[in-house]
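data-v7.cif (mmCIF, C-alpha atoms and all ligand atoms)
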```cif
data_my_file
#
loop_
_atom_site.label_atom_id
_atom_site.label_comp_id
_atom_site.auth_asym_id
_atom_site.auth_seq_id
_atom_site.Cartn_x
_atom_site.Cartn_y
_atom_site.Cartn_z
CA MET A 1221 45.23 41.90 242.44
CA PHE A 1222 45.69 43.33 238.99
CA PHE A 1223 48.69 45.25 240.20
CA ARG A 1224 50.40 42.10 241.57
CA SER A 1225 50.02 40.09 238.40
CA ALA A 1226 51.29 43.02 236.32
CA CYS A 1227 54.33 43.03 238.55
CA ARG A 1228 54.98 39.34 237.92
CA CYS A 1229 54.67 39.96 234.25
CA HIS A 1230 57.41 42.59 234.43
CA ALA A 1231 59.67 40.22 236.33
CA LEU A 1232 59.12 37.54 233.73
CA SER A 1233 59.92 39.82 230.79
CA ALA A 1234 63.04 41.02 232.59
CA MET A 1235 64.13 37.38 232.92
CA ILE A 1236 63.43 36.69 229.26
CA ILE A 1237 65.50 39.71 228.25
CA ALA A 1238 68.34 38.60 230.53
CA VAL A 1239 68.33 35.07 229.11
CA ALA A 1240 68.20 36.42 225.56
CA ALA A 1241 71.12 38.73 226.34
CA LEU A 1242 73.16 35.82 227.74
CA ALA A 1243 72.35 33.65 224.74
CA GLY A 1244 73.43 36.54 222.51
CA CYS A 1245 76.71 36.64 224.35
CA HIS A 1246 77.23 32.95 223.71
CA GLN A 1247 76.54 33.40 220.02
CA ASP A 1248 79.16 36.18 219.75
CA MET A 1249 81.83 33.97 221.26
CA TYR A 1250 80.68 31.00 219.29
CA ASP A 1251 80.63 32.79 215.93
CA GLN A 1252 83.75 34.87 216.50
CA PRO A 1253 85.92 35.35 213.42
CA ARG A 1254 88.44 32.51 213.27
CA TYR A 1255 89.93 30.06 210.81
CA GLU A 1256 89.14 26.36 210.74
CA PRO A 1257 92.22 24.08 210.41
CA LEU A 1258 93.70 24.30 206.86
CA GLU A 1259 91.24 27.02 205.84
CA PRO A 1260 92.69 29.35 203.16
CA SER A 1261 93.26 33.01 203.99
CA ASP A 1262 93.55 36.18 201.88
CA PHE A 1263 95.27 37.94 204.71
CA PHE A 1264 98.68 36.19 204.51
CA GLY A 1265 100.85 36.26 201.41
CA ASP A 1266 101.13 32.48 201.17
CA GLY A 1267 97.33 32.12 201.21
CA ARG A 1268 97.41 29.85 204.27
CA SER A 1269 95.74 30.68 207.56
CA ALA A 1270 98.10 28.37 209.52
CA ARG A 1271 101.42 30.06 210.11
CA PRO A 1272 104.72 28.27 209.55
CA LEU A 1273 106.55 27.15 212.70
CA VAL A 1274 109.36 29.33 213.99
CA PRO A 1275 112.64 27.73 212.80
CA GLY A 1276 114.05 25.39 215.46
CA THR A 1277 110.64 24.60 216.99
CA VAL A 1278 110.68 21.19 218.73
CA ILE A 1279 107.63 19.07 219.45
CA TYR A 1280 106.97 19.12 223.20
CA GLY A 1281 108.44 15.98 224.78
CA ALA A 1282 109.90 14.70 221.52
CA GLU A 1283 113.53 13.82 221.13
CA MET A 1284 114.55 14.68 217.61
CA ALA A 1285 118.14 13.47 217.57
CA ASP A 1286 118.68 10.51 215.28
CA ASP A 1287 121.73 9.05 217.03
CA VAL A 1288 121.81 5.58 218.60
CA LEU A 1289 121.03 7.01 222.04
CA HIS A 1290 117.65 8.24 220.80
CA THR A 1291 116.74 5.67 218.16
CA GLY A 1292 118.26 2.42 219.46
CA ARG A 1293 119.79 1.91 216.02
CA SER A 1294 123.08 2.70 214.38
CA ASP A 1295 123.31 2.60 210.58
CA GLY A 1296 119.78 1.21 210.58
CA GLU A 1297 120.75 -1.86 212.66
CA LEU A 1298 119.48 -2.44 216.20
CA ALA A 1299 122.17 -1.53 218.72
CA THR A 1300 123.96 -4.53 220.18
CA GLU A 1301 125.67 -2.54 222.93
CA LEU A 1302 124.52 -0.13 225.58
CA PRO A 1303 125.38 3.42 224.40
CA LEU A 1304 125.82 4.54 228.03
CA GLU A 1305 128.38 3.59 230.63
CA LEU A 1306 127.17 0.61 232.62
CA ASP A 1307 127.53 1.00 236.37
CA ALA A 1308 125.61 0.13 239.51
CA ALA A 1309 123.83 3.51 239.54
CA LEU A 1310 122.47 2.96 236.01
CA LEU A 1311 121.20 -0.50 236.94
CA ARG A 1312 119.58 0.80 240.11
CA ARG A 1313 117.86 3.52 238.10
CA GLY A 1314 116.75 0.91 235.55
CA GLN A 1315 115.41 -1.32 238.31
CA GLU A 1316 113.46 1.54 239.84
CA ARG A 1317 111.97 2.64 236.48
CA PHE A 1318 111.24 -0.96 235.46
CA ASN A 1319 109.39 -1.63 238.69
CA ILE A 1320 107.34 1.54 238.17
CA TYR A 1321 106.55 1.32 234.46
CA CYS A 1322 106.91 -2.30 233.36
CA SER A 1323 106.51 -4.73 236.25
CA ASN A 1324 102.75 -4.16 236.48
CA CYS A 1325 102.49 -6.25 233.29
CA HIS A 1326 105.86 -7.97 232.93
CA GLY A 1327 106.25 -8.97 236.59
CA ARG A 1328 109.22 -7.95 238.75
CA SER A 1329 111.30 -10.84 237.40
CA GLY A 1330 110.20 -10.29 233.79
CA ASP A 1331 108.21 -13.53 233.58
CA GLY A 1332 105.21 -11.71 232.06
CA ASN A 1333 102.89 -12.34 234.97
CA GLY A 1334 102.37 -8.88 236.47
CA MET A 1335 99.30 -7.80 238.41
CA ILE A 1336 97.49 -6.32 235.39
CA VAL A 1337 97.95 -9.64 233.58
CA GLN A 1338 96.61 -11.53 236.58
CA ARG A 1339 93.54 -9.29 236.29
CA GLY A 1340 92.99 -10.19 232.64
CA TYR A 1341 95.30 -8.04 230.44
CA ARG A 1342 97.01 -9.83 227.59
CA GLN A 1343 100.06 -11.72 228.82
CA PRO A 1344 103.38 -10.46 227.45
CA PRO A 1345 106.08 -12.99 226.57
CA THR A 1346 108.61 -13.85 229.27
CA TYR A 1347 112.00 -12.11 228.93
CA HIS A 1348 113.64 -15.45 229.66
CA SER A 1349 112.95 -17.11 226.32
CA ASP A 1350 115.88 -17.89 224.00
CA ARG A 1351 114.46 -15.41 221.49
CA LEU A 1352 114.45 -12.43 223.87
CA ARG A 1353 117.71 -13.44 225.55
CA GLY A 1354 119.29 -13.40 222.12
CA ALA A 1355 117.62 -10.15 220.99
CA PRO A 1356 119.95 -7.14 220.64
CA ILE A 1357 119.62 -4.63 223.47
CA GLY A 1358 118.36 -2.06 220.93
CA HIS A 1359 115.22 -4.19 220.51
CA PHE A 1360 114.19 -3.52 224.13
CA PHE A 1361 114.86 0.17 223.65
CA GLU A 1362 112.81 0.20 220.47
CA VAL A 1363 109.87 -1.67 222.03
CA MET A 1364 109.75 0.93 224.83
CA THR A 1365 110.13 3.82 222.37
CA ASN A 1366 107.49 2.79 219.83
CA GLY A 1367 105.33 0.23 221.63
CA PHE A 1368 104.89 -3.34 220.42
CA GLY A 1369 101.62 -5.01 219.40
CA VAL A 1370 99.10 -4.16 222.12
CA MET A 1371 101.82 -2.72 224.37
CA PRO A 1372 101.77 1.09 224.39
CA ALA A 1373 104.87 3.26 223.75
CA TYR A 1374 106.68 4.67 226.78
CA SER A 1375 108.75 7.45 225.18
CA ILE A 1376 106.55 10.15 226.71
CA GLN A 1377 106.77 8.87 230.30
CA VAL A 1378 110.33 7.48 230.17
CA ASN A 1379 113.14 9.54 228.61
CA ALA A 1380 115.81 7.97 226.39
CA GLY A 1381 118.44 7.66 229.15
CA ASP A 1382 115.98 5.89 231.41
CA ARG A 1383 114.87 3.59 228.58
CA TRP A 1384 118.49 2.45 228.24
CA ALA A 1385 118.73 2.03 232.01
CA ILE A 1386 115.64 -0.21 231.88
CA ALA A 1387 117.06 -2.16 228.92
CA ALA A 1388 120.28 -2.74 230.89
CA TYR A 1389 118.25 -3.88 233.89
CA ILE A 1390 116.26 -6.31 231.69
CA ARG A 1391 119.61 -7.82 230.66
CA ALA A 1392 120.44 -8.18 234.37
CA LEU A 1393 117.06 -9.89 234.96
CA GLN A 1394 117.77 -12.24 232.08
CA LEU A 1395 121.19 -13.08 233.49
CA SER A 1396 119.70 -13.61 236.94
CA GLN A 1397 117.56 -16.50 235.70
CA PHE A 1398 120.45 -18.29 233.98
CA ALA A 1399 123.34 -17.52 236.32
CA THR A 1400 125.67 -20.26 237.55
CA LEU A 1401 127.80 -20.29 240.67
CA ASP A 1402 130.78 -19.30 238.50
CA ASP A 1403 129.09 -15.95 237.82
CA VAL A 1404 129.10 -15.13 241.53
CA ALA A 1405 132.06 -13.27 243.02
CA ALA A 1406 134.25 -15.54 245.15
CA SER A 1407 133.50 -13.51 248.28
CA GLU A 1408 129.75 -14.07 247.84
CA ARG A 1409 130.08 -17.68 246.71
CA ALA A 1410 131.04 -18.95 250.16
CA LYS A 1411 127.88 -17.37 251.63
CA LEU A 1412 125.70 -19.05 249.01
CA GLU A 1413 127.37 -22.43 249.51
CA GLN A 1414 126.89 -22.12 253.25
CA ALA A 1415 123.22 -21.18 252.80
CA ALA A 1416 122.70 -24.17 250.49
CA ALA A 1417 124.30 -26.51 253.05
CA THR A 1418 122.10 -25.25 255.90
CA PRO A 1419 118.74 -27.05 255.90
CA PRO A 1420 115.84 -24.57 255.78
CA GLU A 1421 114.05 -23.99 259.06
CA ASP A 1422 110.80 -25.85 259.19
CA ALA A 1423 108.08 -23.69 260.67
CA ASN A 1424 105.86 -26.69 261.51
CA PRO A 1425 108.02 -29.61 262.63
C1 LIG B 1501 100.05 -2.58 230.21
C2 LIG B 1501 100.90 -3.75 230.17
C3 LIG B 1501 102.33 -3.55 229.76
C4 LIG B 1501 103.26 -2.66 230.28
C5 LIG B 1501 103.06 -1.67 231.41
C6 LIG B 1501 104.48 -2.90 229.57
N1 LIG B 1501 104.32 -3.88 228.65
FE1 LIG B 1501 105.74 -4.69 227.47
N2 LIG B 1501 104.38 -5.91 226.62
C7 LIG B 1501 103.05 -6.00 226.99
C8 LIG B 1501 102.36 -6.95 226.13
C9 LIG B 1501 100.90 -7.35 226.23
C10 LIG B 1501 103.32 -7.42 225.21
C11 LIG B 1501 103.08 -8.35 224.06
C12 LIG B 1501 102.53 -7.50 222.94
C13 LIG B 1501 102.01 -8.27 221.76
O1 LIG B 1501 102.59 -9.33 221.42
O2 LIG B 1501 101.03 -7.78 221.17
C14 LIG B 1501 104.58 -6.77 225.58
C15 LIG B 1501 105.80 -7.02 224.94
C16 LIG B 1501 107.00 -6.54 225.39
C17 LIG B 1501 108.29 -7.00 224.90
C18 LIG B 1501 108.54 -8.16 223.95
C19 LIG B 1501 108.62 -7.74 222.51
C20 LIG B 1501 108.87 -8.99 221.65
O3 LIG B 1501 109.84 -8.97 220.89
O4 LIG B 1501 108.10 -9.97 221.77
C21 LIG B 1501 109.24 -6.26 225.56
C22 LIG B 1501 110.74 -6.36 225.39
C23 LIG B 1501 108.56 -5.35 226.44
N3 LIG B 1501 107.20 -5.55 226.31
C24 LIG B 1501 109.16 -4.43 227.26
C25 LIG B 1501 108.47 -3.58 228.13
C26 LIG B 1501 109.13 -2.59 228.95
C27 LIG B 1501 110.60 -2.39 229.04
C28 LIG B 1501 108.13 -1.95 229.64
C29 LIG B 1501 108.26 -0.79 230.60
C30 LIG B 1501 108.80 0.44 230.05
C31 LIG B 1501 106.88 -2.55 229.27
N4 LIG B 1501 107.13 -3.52 228.34
C32 LIG B 1501 105.64 -2.18 229.80
C33 LIG B 1501 102.43 -5.32 228.00
C34 LIG B 1501 103.02 -4.31 228.74
#
```

Any chance you could put this one into structure tokens?
Ligand code: HEC
Amino acid sequence: MFFRSACRCHALSAMIIAVAALAGCHQDMYDQPRYEPLEPSDFFGDGRSARPLVPGTVIYGAEMADDVLHTGRSDGELATELPLELDAALLRRGQERFNIYCSNCHGRSGDGNGMIVQRGYRQPPTYHSDRLRGAPIGHFFEVMTNGFGVMPAYSIQVNAGDRWAIAAYIRALQLSQFATLDDVAASERAKLEQAAATPPEDANP
């Protein structure tokens, strides 16, 4: 009997030693020599513990260029023209990116009634107001780059080229809501006129 309890006692002290050893380990890692941010140092000549960045270092994901393509402005003024060549591929890319990143709030047509808004998020303004139809294209680029009011910035997820593609597509959306028959190519106009003349099929006569 005595023997058994002595045995347990040994096991217990072994455990205590093991736990103490582990805790000691933790303390070593925890208290390892290191500098806190901005802490001075005697080791380096300039007295600073933080080392200067290697010349030419770029912030990850940041676009440092200050041209119109990256800022949306030229000579401090919002760009009034797309700094990229406008073609069908650019618009398709803009449409794809818009539907991924913007339509959840702004709606696929840009009316500001996307699914997140229907679930209670603050409603953005429609793109089809006179104010936004008259806004320079650089404004759309800038809103995406820096965010606007409660809307977050998208420069991390969407690179500068894609932000311009989206801006171009927003212009197309704006045109789509105010287009007249004269804007339609002659070859397509006949189809539209024919469709308008045909009465819609009534599913429940
Ligand atoms: C999470 C929802 C949300 C997403 C996603 C979103 N926006 Fe917005 N956006 C808003 C809200 C809300 C406002 C209004 C902000 C305010 O007035 O505080 C707004 C405002 C705007 C405006 C109007 C600025 C003005 O002058 O009134 C533009 C343009 C715009 N967003 C473009 C975009 C584009 C382009 C994208 C996609 C890259 C996008 N937004 C993605 C919510 C969103």

- May I have the protein, DNA and RNA residues with any atom at most 8 Å from the point (104.2, -7.4, 228.3), counting all atoms listed in the file, written as a ChimeraX atom specification? /A:1322,1325-1326,1332,1342-1346,1371

I'd like a table as CSV: residues in chain A with an atom no more than 9 Å from ligand LIG 1501 (chain B), each row giving the shortest atom pair and its distance in Å to one decimal, all atoms listed in the file counted, sorted by chain and rising residue number.
```
residue,atom,partner,partner_atom,distance
A:Arg1317,CA,B:LIG1501,C30,7.5
A:Phe1318,CA,B:LIG1501,C29,5.7
A:Asn1319,CA,B:LIG1501,C29,8.2
A:Ile1320,CA,B:LIG1501,C29,8.0
A:Tyr1321,CA,B:LIG1501,C29,4.7
A:Cys1322,CA,B:LIG1501,C29,3.4
A:Ser1323,CA,B:LIG1501,C5,6.7
A:Asn1324,CA,B:LIG1501,C5,5.7
A:Cys1325,CA,B:LIG1501,C2,4.3
A:His1326,CA,B:LIG1501,N1,6.1
A:Gly1330,CA,B:LIG1501,C24,8.8
A:Gly1332,CA,B:LIG1501,C7,7.9
A:Gly1334,CA,B:LIG1501,C2,8.3
A:Ile1336,CA,B:LIG1501,C2,6.7
A:Val1337,CA,B:LIG1501,C2,7.4
A:Tyr1341,CA,B:LIG1501,C9,7.0
A:Arg1342,CA,B:LIG1501,C9,4.8
A:Gln1343,CA,B:LIG1501,C9,5.1
A:Pro1344,CA,B:LIG1501,C10,3.8
A:Pro1345,CA,B:LIG1501,O4,6.0
A:Thr1346,CA,B:LIG1501,C18,7.8
A:Tyr1347,CA,B:LIG1501,C22,6.9
A:Arg1351,CA,B:LIG1501,O3,7.9
A:Leu1352,CA,B:LIG1501,O3,6.5
A:Ala1355,CA,B:LIG1501,O3,7.9
A:His1359,CA,B:LIG1501,C22,7.0
A:Phe1360,CA,B:LIG1501,C22,4.6
A:Phe1361,CA,B:LIG1501,C27,7.3
A:Glu1362,CA,B:LIG1501,C22,8.5
A:Val1363,CA,B:LIG1501,C21,5.8
A:Met1364,CA,B:LIG1501,C30,5.3
A:Thr1365,CA,B:LIG1501,C30,8.5
A:Gly1367,CA,B:LIG1501,FE1,7.6
A:Phe1368,CA,B:LIG1501,C12,5.4
A:Gly1369,CA,B:LIG1501,O2,3.3
A:Val1370,CA,B:LIG1501,O2,4.2
A:Met1371,CA,B:LIG1501,C7,4.4
A:Pro1372,CA,B:LIG1501,N1,7.0
A:Ala1373,CA,B:LIG1501,C30,7.9
A:Tyr1374,CA,B:LIG1501,C30,5.8
A:Ser1375,CA,B:LIG1501,C30,8.5
A:Gln1377,CA,B:LIG1501,C30,8.7
A:Val1378,CA,B:LIG1501,C30,7.2
A:Arg1383,CA,B:LIG1501,C30,7.0
A:Ile1386,CA,B:LIG1501,C27,6.2
A:Ala1387,CA,B:LIG1501,C27,6.5
A:Ile1390,CA,B:LIG1501,C27,7.4
```

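CA of Asp1350 (chain A) is found 24.8 Å from CA of Val1288 (chain A).
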
- Which of these, A:Ala1380, A:Ala1392, A:Met1249, A:Ala1309, has the shortest distance to His1348 (chain A) once you count only C-alpha atoms?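 So, comparing all the options, the nearest one is A:Ala1392.
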
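For the atom pair formed by CA of Leu1311 (chain A) and CA of Trp1384 (chain A), the distance is 9.6 Å, given to one decimal.
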
- Which is closer to Arg1353 (chain A) than all the others in A:Ile1376, A:Ser1396, A:Gly1327, A:Asn1366, using all atoms listed in the file? A:Ser1396

Using all atoms of region 1415-1419 of chain A listed in the file and a margin of 6 Å per side, can you give the axis-aligned box centre and edge lengths in Å to one decimal, as AutoDock Vina command-line options?
```
--center_x 121.5 --center_y -24.1 --center_z 253.2 --size_x 17.6 --size_y 17.9 --size_z 17.4
```

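For the atom pair formed by CA of Leu1310 (chain A) and CA of Arg1391 (chain A), the distance is 12.4 Å, given to one decimal.
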
- Message: Which residues are near Leu1401 (chain A)? Cut-off 12 Å, all atoms listed in the file, ignore same chain within fewer than 5 positions. Put them as a ChimeraX atom specification.
- Response: /A:1396,1406-1413,1416

- What would the list of residues within 12 Å of (91.9, 26.5, 209.0) (file frame) look like as a count of residues only, if only C-alpha atoms are what count? 14

- Message: Could you check the closest approach to Ala1299 (chain A) for each of A:Arg1312, A:Asp1403, A:Arg1339, A:Asp1287 and tell me which residue wins, using all atoms listed in the file?
- Response: A:Asp1287

- Item | Selected residue of minimal separation from Ala1385 (chain A) among A:Leu1302, A:Gly1265, A:Arg1328, A:Val1278, counting only C-alpha atoms |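 Among the listed residues, the smallest separation from Ala1385 (chain A) belongs to A:Leu1302.
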